[in-house]
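Okay, so here's the structure we're looking at.
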Amino acid sequence: MNPHQQQESSAQFNESGFTIIESLVAILVVSILLVAIAPVLVISTATRVQARRVELATEAAKALVNGINSKIVSDPTITVTLTADTTRKVSTSTSDYLLSSAAVPTASSSLYCFNKNGSLVNPGCTSDLFYIQAIRLAVSGSDPDKGQGYRLGIRVYRSDAQFGSLTAASSGKKAATFTGGLGDRKAPLLEMTTEIVRGQSSYSALCSRLGGCQ
């Protein structure tokens, strides 16, 4: 092999080695970038999933209210009974006094089921999406609507909720929309209160359920 051929061979070897080094550097740079943005991608995806859960939980709560109003589903069996004086005191201090007075469920057997196909089932069911706790407020010594109207409290839990160790949103443990993981299975996705009114409820009946109007 003459000197000219040796130079060409040496040049080709050097160029080949330099290309491998470039590839390794490029792989290293890309790996560093992926490691840097991976947490952002995980948080973004988890938050989007959790926000969708809360949105569906809101739809489930509305479906329950509509079902109770139209008598498609049964009225809640969980009842919190307060005197008018007690109701008046707590209603002036907090807007979710009904929910703050009701214990969180220890099992799913007393809860309504909202399934992925949109069906709403009376308690004693198995859900593949949400379990809904419904609490009815009764004011002792007063039945102005003859049982037709009452104040309703609702908590919506995931189907994989950890029953037996649940928390209530009123204690500051409501499931957060912003999350970097699977979300809190011990906390409700949604808490709300509303009025169930059938027929023409009177103003005095509403006042009585709220503890009296002043």
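In the structure tokens, each chain is lettered A, B, ... as it comes, each chain's residues begin at 1, and ligands are numbered from 1 in order of appearance.
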
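Excluding Ala103 (chain A) and any residue on its chain fewer than 6 positions from it, the residues at most 10 Å away by only C-alpha atoms are Ile78, Val80, Ile135, Leu166, Thr167 and Ala168 of chain A.
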
Expected file contents, prior selection, C-alpha atoms, as a PDB file, in the first residue's frame:
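File written: result.pdb
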ATOM      1  CA  ILE A  78     -79.084   8.757  54.825  1.00  0.00           C
ATOM      2  CA  VAL A  80     -79.236  14.252  59.080  1.00  0.00           C
ATOM      3  CA  ILE A 135     -77.620  13.021  52.418  1.00  0.00           C
ATOM      4  CA  LEU A 166     -62.265   8.366  53.368  1.00  0.00           C
ATOM      5  CA  THR A 167     -62.138  12.067  54.130  1.00  0.00           C
ATOM      6  CA  ALA A 168     -64.685  14.832  53.598  1.00  0.00           C
TER       7      ALA A 168
END

Using DSSP secondary structure from the backbone, list all helix (DSSP H, G or I) positions within region 16-94 of chain A, as a CSV table (one decimal) with C-alpha atoms, in the first residue's frame.
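As written to disk, selection_5.csv reads:
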chain,number,residue,atom,x,y,z
A,16,SER,CA,-16.0,7.3,10.8
A,17,GLY,CA,-14.9,7.8,14.4
A,18,PHE,CA,-16.0,11.4,14.5
A,19,THR,CA,-19.5,10.4,13.3
A,20,ILE,CA,-19.9,7.9,16.2
A,21,ILE,CA,-18.9,10.5,18.7
A,22,GLU,CA,-21.4,13.0,17.3
A,23,SER,CA,-24.1,10.3,17.6
A,24,LEU,CA,-23.3,9.6,21.2
A,25,VAL,CA,-23.3,13.3,22.1
A,26,ALA,CA,-26.7,13.7,20.3
A,27,ILE,CA,-28.1,10.7,22.2
A,28,LEU,CA,-26.8,12.2,25.5
A,29,VAL,CA,-28.3,15.6,24.8
A,30,VAL,CA,-31.7,14.1,23.8
A,31,SER,CA,-31.7,11.9,27.0
A,32,ILE,CA,-31.0,14.9,29.2
A,33,LEU,CA,-33.9,16.9,27.5
A,34,LEU,CA,-36.3,13.9,28.0
A,35,VAL,CA,-35.4,13.6,31.6
A,36,ALA,CA,-35.9,17.3,32.1
A,37,ILE,CA,-39.4,17.5,30.5
A,38,ALA,CA,-40.7,14.1,31.7
A,39,PRO,CA,-42.1,15.5,35.0
A,40,VAL,CA,-43.9,18.2,33.1
A,41,LEU,CA,-45.5,15.7,30.8
A,42,VAL,CA,-46.5,13.4,33.7
A,43,ILE,CA,-48.1,16.3,35.6
A,44,SER,CA,-49.8,17.7,32.6
A,45,THR,CA,-51.3,14.3,31.7
A,46,ALA,CA,-52.4,13.5,35.3
A,47,THR,CA,-54.0,16.9,35.7
A,48,ARG,CA,-55.9,16.5,32.5
A,49,VAL,CA,-57.2,13.1,33.6
A,50,GLN,CA,-58.2,14.5,37.1
A,51,ALA,CA,-59.9,17.5,35.6
A,52,ARG,CA,-61.9,15.1,33.4
A,53,ARG,CA,-62.8,13.1,36.5
A,54,VAL,CA,-64.2,16.2,38.2
A,55,GLU,CA,-66.1,17.1,35.1
A,56,LEU,CA,-67.8,13.7,34.9
A,57,ALA,CA,-68.4,13.8,38.7
A,58,THR,CA,-70.3,17.0,38.2
A,59,GLU,CA,-72.4,15.4,35.5
A,60,ALA,CA,-73.1,12.4,37.8
A,61,ALA,CA,-74.2,14.7,40.6
A,62,LYS,CA,-76.6,16.5,38.3
A,63,ALA,CA,-77.9,13.2,37.0
A,64,LEU,CA,-78.7,12.2,40.6
A,65,VAL,CA,-80.5,15.4,41.4
A,66,ASN,CA,-82.6,15.1,38.2
A,67,GLY,CA,-83.3,11.4,39.0
A,68,ILE,CA,-84.5,12.2,42.5
A,69,ASN,CA,-86.6,15.1,41.3
A,84,ALA,CA,-84.5,24.7,63.4
A,85,ASP,CA,-82.3,26.6,65.9
A,86,THR,CA,-79.2,24.4,65.1
A,87,THR,CA,-79.8,24.7,61.4
A,88,ARG,CA,-80.0,28.4,61.6
A,89,LYS,CA,-76.8,28.7,63.6
A,90,VAL,CA,-74.7,26.5,61.2
A,91,SER,CA,-76.3,27.8,58.1
A,92,THR,CA,-75.1,31.3,58.9
A,93,SER,CA,-71.5,30.1,59.5

Spatial neighbours of region 129-132 of chain A, 6 Å, only C-alpha atoms, chain gap at least 2 places, as a PDB file with N, CA and C atoms, in the first residue's frame:
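File produced: around11.pdb:
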ATOM      1  N   LEU A 111     -74.461   3.587  48.870  1.00  0.00           N
ATOM      2  CA  LEU A 111     -74.237   4.655  47.900  1.00  0.00           C
ATOM      3  C   LEU A 111     -74.856   4.330  46.540  1.00  0.00           C
ATOM      4  N   TYR A 112     -75.233   5.398  45.834  1.00  0.00           N
ATOM      5  CA  TYR A 112     -75.712   5.252  44.461  1.00  0.00           C
ATOM      6  C   TYR A 112     -74.523   4.961  43.549  1.00  0.00           C
ATOM      7  N   CYS A 113     -74.809   4.357  42.407  1.00  0.00           N
ATOM      8  CA  CYS A 113     -73.764   4.054  41.426  1.00  0.00           C
ATOM      9  C   CYS A 113     -74.008   4.838  40.145  1.00  0.00           C
ATOM     10  N   PHE A 114     -72.946   5.452  39.643  1.00  0.00           N
ATOM     11  CA  PHE A 114     -72.996   6.077  38.320  1.00  0.00           C
ATOM     12  C   PHE A 114     -71.962   5.368  37.469  1.00  0.00           C
ATOM     13  N   ASN A 115     -72.423   4.702  36.400  1.00  0.00           N
ATOM     14  CA  ASN A 115     -71.551   3.852  35.597  1.00  0.00           C
ATOM     15  C   ASN A 115     -71.075   4.533  34.320  1.00  0.00           C
ATOM     16  N   LYS A 116     -70.120   3.911  33.673  1.00  0.00           N
ATOM     17  CA  LYS A 116     -69.529   4.471  32.467  1.00  0.00           C
ATOM     18  C   LYS A 116     -70.533   4.619  31.334  1.00  0.00           C
ATOM     19  N   SER A 127     -70.279  -0.135  41.115  1.00  0.00           N
ATOM     20  CA  SER A 127     -70.028   0.881  40.090  1.00  0.00           C
ATOM     21  C   SER A 127     -68.676   0.671  39.418  1.00  0.00           C
ATOM     22  N   ARG A 155     -71.921  13.872  47.819  1.00  0.00           N
ATOM     23  CA  ARG A 155     -70.485  13.645  47.680  1.00  0.00           C
ATOM     24  C   ARG A 155     -70.274  12.591  46.599  1.00  0.00           C
ATOM     25  N   VAL A 156     -69.343  12.841  45.704  1.00  0.00           N
ATOM     26  CA  VAL A 156     -69.051  11.897  44.618  1.00  0.00           C
ATOM     27  C   VAL A 156     -67.639  11.336  44.811  1.00  0.00           C
ATOM     28  N   TYR A 157     -67.553  10.009  44.865  1.00  0.00           N
ATOM     29  CA  TYR A 157     -66.270   9.328  45.043  1.00  0.00           C
ATOM     30  C   TYR A 157     -65.949   8.463  43.820  1.00  0.00           C
ATOM     31  N   ARG A 158     -64.661   8.243  43.606  1.00  0.00           N
ATOM     32  CA  ARG A 158     -64.226   7.333  42.553  1.00  0.00           C
ATOM     33  C   ARG A 158     -64.640   5.911  42.890  1.00  0.00           C
ATOM     34  N   SER A 159     -64.778   5.074  41.870  1.00  0.00           N
ATOM     35  CA  SER A 159     -65.169   3.675  42.108  1.00  0.00           C
ATOM     36  C   SER A 159     -64.089   2.902  42.859  1.00  0.00           C
TER      37      SER A 159
END

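Using only C-alpha atoms, the smallest distance between any of A:Leu82, A:Gly124, A:Gly164, A:Met192 and Ser101 (chain A) comes from A:Leu82.
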
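Nearest to Arg185 (chain A) of all the residues A:Val197, A:Ser108, A:Asn122, A:Ala161 is A:Ala161, counting only C-alpha atoms.
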